[in-house]
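Next comes data-v1.cif, with mmCIF, C-alpha atoms.
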```
data_work
#
loop_
_atom_site.label_atom_id
_atom_site.label_comp_id
_atom_site.auth_asym_id
_atom_site.auth_seq_id
_atom_site.Cartn_x
_atom_site.Cartn_y
_atom_site.Cartn_z
CA MET B 1 21.13 -20.57 4.72
CA LYS B 2 19.52 -19.05 1.64
CA ARG B 3 16.06 -20.18 2.82
CA LEU B 4 16.64 -18.52 6.19
CA LEU B 5 17.59 -15.14 4.73
CA PRO B 6 14.01 -13.79 4.32
CA PHE B 7 13.25 -14.51 7.96
CA VAL B 8 16.53 -12.97 9.11
CA LEU B 9 15.44 -9.80 7.27
CA ILE B 10 12.00 -9.94 8.91
CA VAL B 11 13.51 -10.19 12.37
CA VAL B 12 15.90 -7.29 11.68
CA VAL B 13 13.05 -5.01 10.56
CA LEU B 14 10.72 -6.02 13.37
CA VAL B 15 13.38 -5.65 16.04
CA ALA B 16 14.11 -2.17 14.68
CA ALA B 17 10.42 -1.38 14.84
CA VAL B 18 10.09 -2.45 18.46
CA ALA B 19 13.46 -1.31 19.77
CA VAL B 20 12.13 1.84 21.40
CA GLY B 21 9.58 1.12 24.07
CA TRP B 22 8.47 -2.42 23.36
CA VAL B 23 10.80 -4.07 25.85
CA LEU B 24 9.04 -2.01 28.49
CA LEU B 25 5.58 -3.20 27.53
CA ARG B 26 3.70 -5.34 30.03
CA SER B 27 1.84 -8.13 28.24
CA SER B 28 1.97 -5.99 25.11
CA GLN B 29 -0.24 -3.27 26.59
CA GLN B 30 -0.27 -0.25 24.35
CA SER B 31 2.03 2.67 24.70
CA ARG B 32 0.67 5.65 22.79
CA ASN B 33 2.11 8.92 21.60
CA SER B 34 -0.72 11.40 21.19
CA ASN B 35 1.50 13.66 19.12
CA THR B 36 1.96 11.11 16.33
CA PRO B 37 0.98 12.88 13.10
CA THR B 38 -1.65 11.47 10.78
CA PRO B 39 0.16 9.50 8.04
CA ASP B 40 0.45 11.13 4.64
CA PRO B 41 -1.10 8.72 2.10
CA ALA B 42 1.18 10.06 -0.60
CA THR B 43 4.37 9.03 1.20
CA GLU B 44 3.42 6.17 3.53
CA VAL B 45 4.76 2.64 3.13
CA GLN B 46 1.95 0.48 1.74
CA GLY B 47 2.62 -2.83 3.44
CA ALA B 48 1.86 -6.25 1.98
CA GLU B 49 -0.29 -6.24 -1.15
CA PRO B 50 -3.03 -7.18 -1.49
CA PRO B 51 -3.91 -6.58 2.16
CA HIS B 52 -6.14 -8.95 4.09
CA VAL B 53 -9.59 -7.34 4.06
CA ARG B 54 -12.81 -8.42 5.75
CA GLY B 55 -16.06 -6.60 5.01
CA SER B 56 -17.52 -4.66 2.10
CA MET B 57 -14.93 -3.31 -0.31
CA ASN B 58 -17.21 -0.29 -0.80
CA ALA B 59 -17.47 0.48 2.92
CA PRO B 60 -17.05 4.19 3.73
CA VAL B 61 -14.92 3.41 6.80
CA THR B 62 -11.75 1.33 6.97
CA VAL B 63 -10.26 0.09 10.23
CA GLU B 64 -6.65 -1.03 9.81
CA GLU B 65 -5.33 -3.15 12.65
CA PHE B 66 -1.70 -3.98 13.35
CA GLY B 67 -1.72 -7.13 15.44
CA ASP B 68 0.34 -9.89 17.01
CA PHE B 69 -1.23 -13.35 17.33
CA GLN B 70 0.52 -14.05 20.64
CA CYS B 71 -0.37 -10.65 22.12
CA GLY B 72 -2.75 -11.03 25.06
CA ALA B 73 -4.29 -7.60 24.45
CA CYS B 74 -4.93 -8.54 20.81
CA GLY B 75 -6.53 -11.80 21.87
CA GLY B 76 -8.77 -9.97 24.32
CA TYR B 77 -9.73 -7.42 21.68
CA TYR B 78 -10.55 -10.03 19.05
CA PRO B 79 -14.17 -10.70 20.16
CA GLU B 80 -14.75 -6.97 20.64
CA LEU B 81 -13.66 -6.21 17.09
CA LYS B 82 -15.93 -8.99 15.82
CA LYS B 83 -18.82 -7.27 17.61
CA ILE B 84 -17.90 -3.95 16.01
CA GLU B 85 -17.79 -5.56 12.56
CA THR B 86 -21.28 -6.99 13.12
CA GLU B 87 -22.65 -3.68 14.41
CA TYR B 88 -21.52 -1.64 11.43
CA GLY B 89 -22.08 -4.26 8.73
CA ASP B 90 -21.40 -3.04 5.20
CA LYS B 91 -20.37 0.40 6.46
CA LEU B 92 -17.09 -1.02 7.72
CA LYS B 93 -14.18 -3.00 6.38
CA VAL B 94 -11.23 -4.24 8.42
CA ILE B 95 -7.64 -4.68 7.25
CA PHE B 96 -5.21 -6.79 9.28
CA ARG B 97 -1.47 -6.11 9.23
CA GLU B 98 1.18 -8.38 10.73
CA LEU B 99 3.15 -6.89 13.61
CA PRO B 100 4.66 -9.78 15.58
CA LEU B 101 6.43 -8.36 18.64
CA VAL B 102 9.45 -10.63 18.35
CA SER B 103 11.29 -9.01 21.24
CA VAL B 104 8.63 -10.02 23.77
CA HIS B 105 6.74 -12.95 22.17
CA GLN B 106 8.79 -15.97 21.13
CA HIS B 107 5.97 -17.54 19.07
CA ALA B 108 4.62 -14.35 17.49
CA LEU B 109 6.55 -14.67 14.24
CA MET B 110 5.47 -18.26 13.70
CA GLY B 111 1.87 -17.28 14.38
CA ALA B 112 2.16 -14.65 11.65
CA GLN B 113 3.70 -17.23 9.32
CA ALA B 114 0.81 -19.63 9.93
CA ALA B 115 -1.77 -16.95 9.14
CA GLU B 116 0.04 -15.83 6.00
CA ALA B 117 0.57 -19.41 4.81
CA ALA B 118 -3.18 -19.95 5.20
CA GLY B 119 -3.73 -16.75 3.28
CA LEU B 120 -1.90 -18.17 0.26
CA GLN B 121 -4.69 -20.76 0.09
CA GLY B 122 -7.40 -18.12 0.55
CA LYS B 123 -8.02 -18.88 4.22
CA PHE B 124 -6.26 -16.05 6.07
CA TRP B 125 -9.27 -14.97 8.11
CA GLU B 126 -10.13 -18.53 9.06
CA MET B 127 -6.62 -19.02 10.46
CA HIS B 128 -6.68 -15.52 12.00
CA ASP B 129 -9.80 -16.46 13.96
CA LYS B 130 -8.48 -19.90 14.86
CA LEU B 131 -5.25 -18.45 16.29
CA TYR B 132 -7.03 -15.88 18.45
CA GLU B 133 -9.75 -18.27 19.62
CA ASN B 134 -7.11 -20.81 20.69
CA GLN B 135 -4.39 -18.37 21.74
CA VAL B 136 -3.74 -19.85 25.18
CA ALA B 137 -3.51 -23.42 23.87
CA TRP B 138 -1.02 -22.89 21.06
CA THR B 139 1.18 -20.37 22.85
CA GLU B 140 1.77 -22.96 25.58
CA ALA B 141 2.59 -25.78 23.13
CA LYS B 142 6.15 -27.08 23.04
CA ASP B 143 6.03 -27.82 19.30
CA LEU B 144 3.92 -25.41 17.27
CA VAL B 145 4.20 -27.08 13.87
CA PRO B 146 1.83 -30.03 14.50
CA VAL B 147 -0.60 -27.67 16.22
CA PHE B 148 -0.68 -25.32 13.26
CA VAL B 149 -0.91 -28.19 10.77
CA ASP B 150 -3.92 -29.46 12.69
CA TYR B 151 -5.50 -26.00 12.50
CA ALA B 152 -4.76 -25.97 8.77
CA LYS B 153 -6.61 -29.26 8.32
CA GLN B 154 -9.55 -28.01 10.40
CA ILE B 155 -10.06 -24.99 8.14
CA GLY B 156 -9.75 -27.02 4.95
CA LEU B 157 -6.19 -26.30 3.83
CA ASN B 158 -3.89 -28.62 1.94
CA PRO B 159 -1.51 -29.48 4.82
CA ASP B 160 1.45 -30.30 2.57
CA GLN B 161 1.17 -26.96 0.78
CA PHE B 162 0.70 -25.21 4.12
CA MET B 163 3.96 -26.72 5.39
CA LYS B 164 5.83 -25.59 2.27
CA ASP B 165 4.45 -22.08 2.50
CA LEU B 166 5.05 -21.73 6.24
CA ASN B 167 8.75 -21.06 5.71
CA GLY B 168 8.46 -19.78 2.16
CA GLU B 169 9.58 -16.48 0.68
CA LYS B 170 6.04 -15.24 -0.11
CA VAL B 171 5.07 -15.50 3.55
CA ALA B 172 8.34 -13.88 4.61
CA SER B 173 7.85 -11.01 2.18
CA ARG B 174 4.32 -10.22 3.38
CA ILE B 175 5.37 -10.09 7.04
CA PHE B 176 8.40 -8.01 6.09
CA GLN B 177 6.29 -5.47 4.16
CA ASP B 178 3.72 -5.12 6.96
CA GLY B 179 6.58 -4.64 9.41
CA LYS B 180 8.00 -1.83 7.27
CA ARG B 181 4.59 -0.12 7.24
CA ALA B 182 4.30 -0.37 11.02
CA HIS B 183 7.83 0.94 11.47
CA SER B 184 7.12 3.89 9.18
CA PHE B 185 4.29 4.93 11.54
CA GLY B 186 6.47 4.51 14.62
CA LEU B 187 4.08 2.02 16.19
CA LYS B 188 5.10 0.81 19.63
CA GLY B 189 2.52 -1.82 20.55
CA THR B 190 -0.37 -4.01 19.55
CA PRO B 191 -3.17 -3.82 18.82
CA SER B 192 -2.77 -0.53 16.98
CA PHE B 193 -5.59 0.90 14.89
CA PHE B 194 -6.12 3.45 12.15
CA VAL B 195 -9.60 4.60 11.11
CA ASN B 196 -9.65 6.01 7.59
CA GLY B 197 -5.95 6.71 7.98
CA LYS B 198 -6.18 8.40 11.39
CA GLU B 199 -4.34 6.70 14.25
CA ALA B 200 -6.28 5.74 17.37
CA THR B 201 -4.25 7.44 20.11
CA GLY B 202 -4.67 7.55 23.88
CA ASP B 203 -7.85 5.74 24.89
CA GLN B 204 -9.19 5.78 21.33
CA TRP B 205 -7.80 2.28 20.80
CA LYS B 206 -10.30 0.89 23.32
CA PRO B 207 -13.59 -0.47 21.87
CA GLU B 208 -15.72 2.57 22.75
CA GLY B 209 -13.02 4.93 21.51
CA LEU B 210 -12.79 3.00 18.26
CA ARG B 211 -16.56 3.12 17.86
CA GLN B 212 -16.47 6.89 18.32
CA MET B 213 -13.78 7.21 15.64
CA ILE B 214 -15.88 5.07 13.29
CA ASN B 215 -18.96 7.21 13.98
CA ASP B 216 -16.95 10.38 13.34
CA ALA B 217 -15.66 8.93 10.07
CA LEU B 218 -19.20 7.99 9.01
CA ARG B 219 -20.42 11.50 9.70
CA ALA B 220 -17.52 12.95 7.74
CA ALA B 221 -18.50 10.67 4.84
CA GLY B 222 -22.13 11.77 5.10
CA LYS B 223 -23.29 8.26 6.12
#
```

Let's see the structure in the file written out as structure tokens.
Amino acid sequence: MKRLLPFVLIVVVLVAAVAVGWVLLRSSQQSRNSNTPTPDPATEVQGAEPPHVRGSMNAPVTVEEFGDFQCGACGGYYPELKKIETEYGDKLKVIFRELPLVSVHQHALMGAQAAEAAGLQGKFWEMHDKLYENQVAWTEAKDLVPVFVDYAKQIGLNPDQFMKDLNGEKVASRIFQDGKRAHSFGLKGTPSFFVNGKEATGDQWKPEGLRQMINDALRAAGK
């Protein structure tokens, strides 16, 4: 029972975060509130530390994504975001935050656990990519554990350590902290994006809208 407590807490926080609006989502399509204020960096919840970052640490623009590995919209966006990362190169860094929509995706939490367990061995992004590239296959599997262990082996993880970490407190804590950050912003769907702290609202979350936000941020930074 003691080992289950961290995951009970995760589910409580995530259900609270998705209670308003998420049950009405169709295939996790975004629901946006254009009146959501820009977060105040001085008071916002930080989320899991250190965050998962891909790209140059000195990049003038940061895209922070809140995603769900079982979310169809996130899976469809994945190759588009990879294109954006390539286009902007060292001008852009991407942060990924866990936001498994547990009320609509039964395997979302375990997908987040697999990614975070891989992260404890320094392979978060490799598992992140593997989960999105094989989203249809693993979300239809009856038993996810052997599938995820196989992915762990493919990306060079120690499978025994991966299994221990999968249900461990470090993984639980990271998902919990990212969930608190998402909840503090009132996020209602995935994928959700922030560009240099500004939320992508309305159609801004779409690839061309996100590119425009990045361009605006680059101009503001004099780049």

For the provided coordinates, the residues matched by the PyMOL selection byres ((chain B and resi 192) around 8) should be stated as an MDAnalysis selection string. chainID B and resid 30 65:67 187 189:191 193:194 199:200 205

Excluding stretch 166-170 of chain B and residues on its chain fewer than 4 positions from it, collect all residues at most 7 Å away from it, counting only C-alpha atoms, and give them as an mmCIF file with C-alpha atoms, in the coordinates of the input.
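Contents of the output file out.cif:
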```
data_model
loop_
_atom_site.group_PDB
_atom_site.id
_atom_site.type_symbol
_atom_site.label_atom_id
_atom_site.label_comp_id
_atom_site.auth_asym_id
_atom_site.auth_seq_id
_atom_site.Cartn_x
_atom_site.Cartn_y
_atom_site.Cartn_z
ATOM 1 C CA PRO B 6 14.010 -13.790 4.320
ATOM 2 C CA GLN B 113 3.700 -17.230 9.320
ATOM 3 C CA ALA B 114 0.810 -19.630 9.930
ATOM 4 C CA ALA B 117 0.570 -19.410 4.810
ATOM 5 C CA PHE B 162 0.700 -25.210 4.120
ATOM 6 C CA ARG B 174 4.320 -10.220 3.380
#
```

Residues picked by the PyMOL selection byres ((chain B and resi 129-145) around 10) here, as a compact mmCIF listing (two decimals) with C-alpha atoms, in the coordinates of the input?
```txt
# COMPACT_ATOMS: atom_id res chain seq x y z
CA ASP B 68 0.34 -9.89 17.01
CA PHE B 69 -1.23 -13.35 17.33
CA GLN B 70 0.52 -14.05 20.64
CA CYS B 71 -0.37 -10.65 22.12
CA GLY B 72 -2.75 -11.03 25.06
CA CYS B 74 -4.93 -8.54 20.81
CA GLY B 75 -6.53 -11.80 21.87
CA GLY B 76 -8.77 -9.97 24.32
CA TYR B 77 -9.73 -7.42 21.68
CA TYR B 78 -10.55 -10.03 19.05
CA PRO B 79 -14.17 -10.70 20.16
CA LYS B 82 -15.93 -8.99 15.82
CA HIS B 105 6.74 -12.95 22.17
CA GLN B 106 8.79 -15.97 21.13
CA HIS B 107 5.97 -17.54 19.07
CA ALA B 108 4.62 -14.35 17.49
CA MET B 110 5.47 -18.26 13.70
CA GLY B 111 1.87 -17.28 14.38
CA ALA B 112 2.16 -14.65 11.65
CA ALA B 114 0.81 -19.63 9.93
CA ALA B 115 -1.77 -16.95 9.14
CA PHE B 124 -6.26 -16.05 6.07
CA TRP B 125 -9.27 -14.97 8.11
CA GLU B 126 -10.13 -18.53 9.06
CA MET B 127 -6.62 -19.02 10.46
CA HIS B 128 -6.68 -15.52 12.00
CA PRO B 146 1.83 -30.03 14.50
CA VAL B 147 -0.60 -27.67 16.22
CA PHE B 148 -0.68 -25.32 13.26
CA VAL B 149 -0.91 -28.19 10.77
CA ASP B 150 -3.92 -29.46 12.69
CA TYR B 151 -5.50 -26.00 12.50
CA ALA B 152 -4.76 -25.97 8.77
CA GLN B 154 -9.55 -28.01 10.40
CA ILE B 155 -10.06 -24.99 8.14
CA MET B 163 3.96 -26.72 5.39
CA LEU B 166 5.05 -21.73 6.24
```

Taking all atoms listed in the file into account, name the residue in B:Gly55, B:Ala182, B:Ala73, B:Thr62 that is nearest to B:Met213. B:Thr62

Write out as a list in words each polymer residue whose atoms come within 9 Å of B:Pro207, counting all atoms listed in the file; drop sequence neighbours fewer than 6 positions from it.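 Counting all atoms listed in the file, the residues come to Tyr77, Glu80, Leu81 and Ile84 of chain B.
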
Could you tell me how far atom CA of B:Gly122 sits from atom CA of B:Pro159, in Å to one decimal place?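 Spanning atom CA of B:Pro159 to atom CA of B:Gly122 is a straight-line distance of 13.5 Å.
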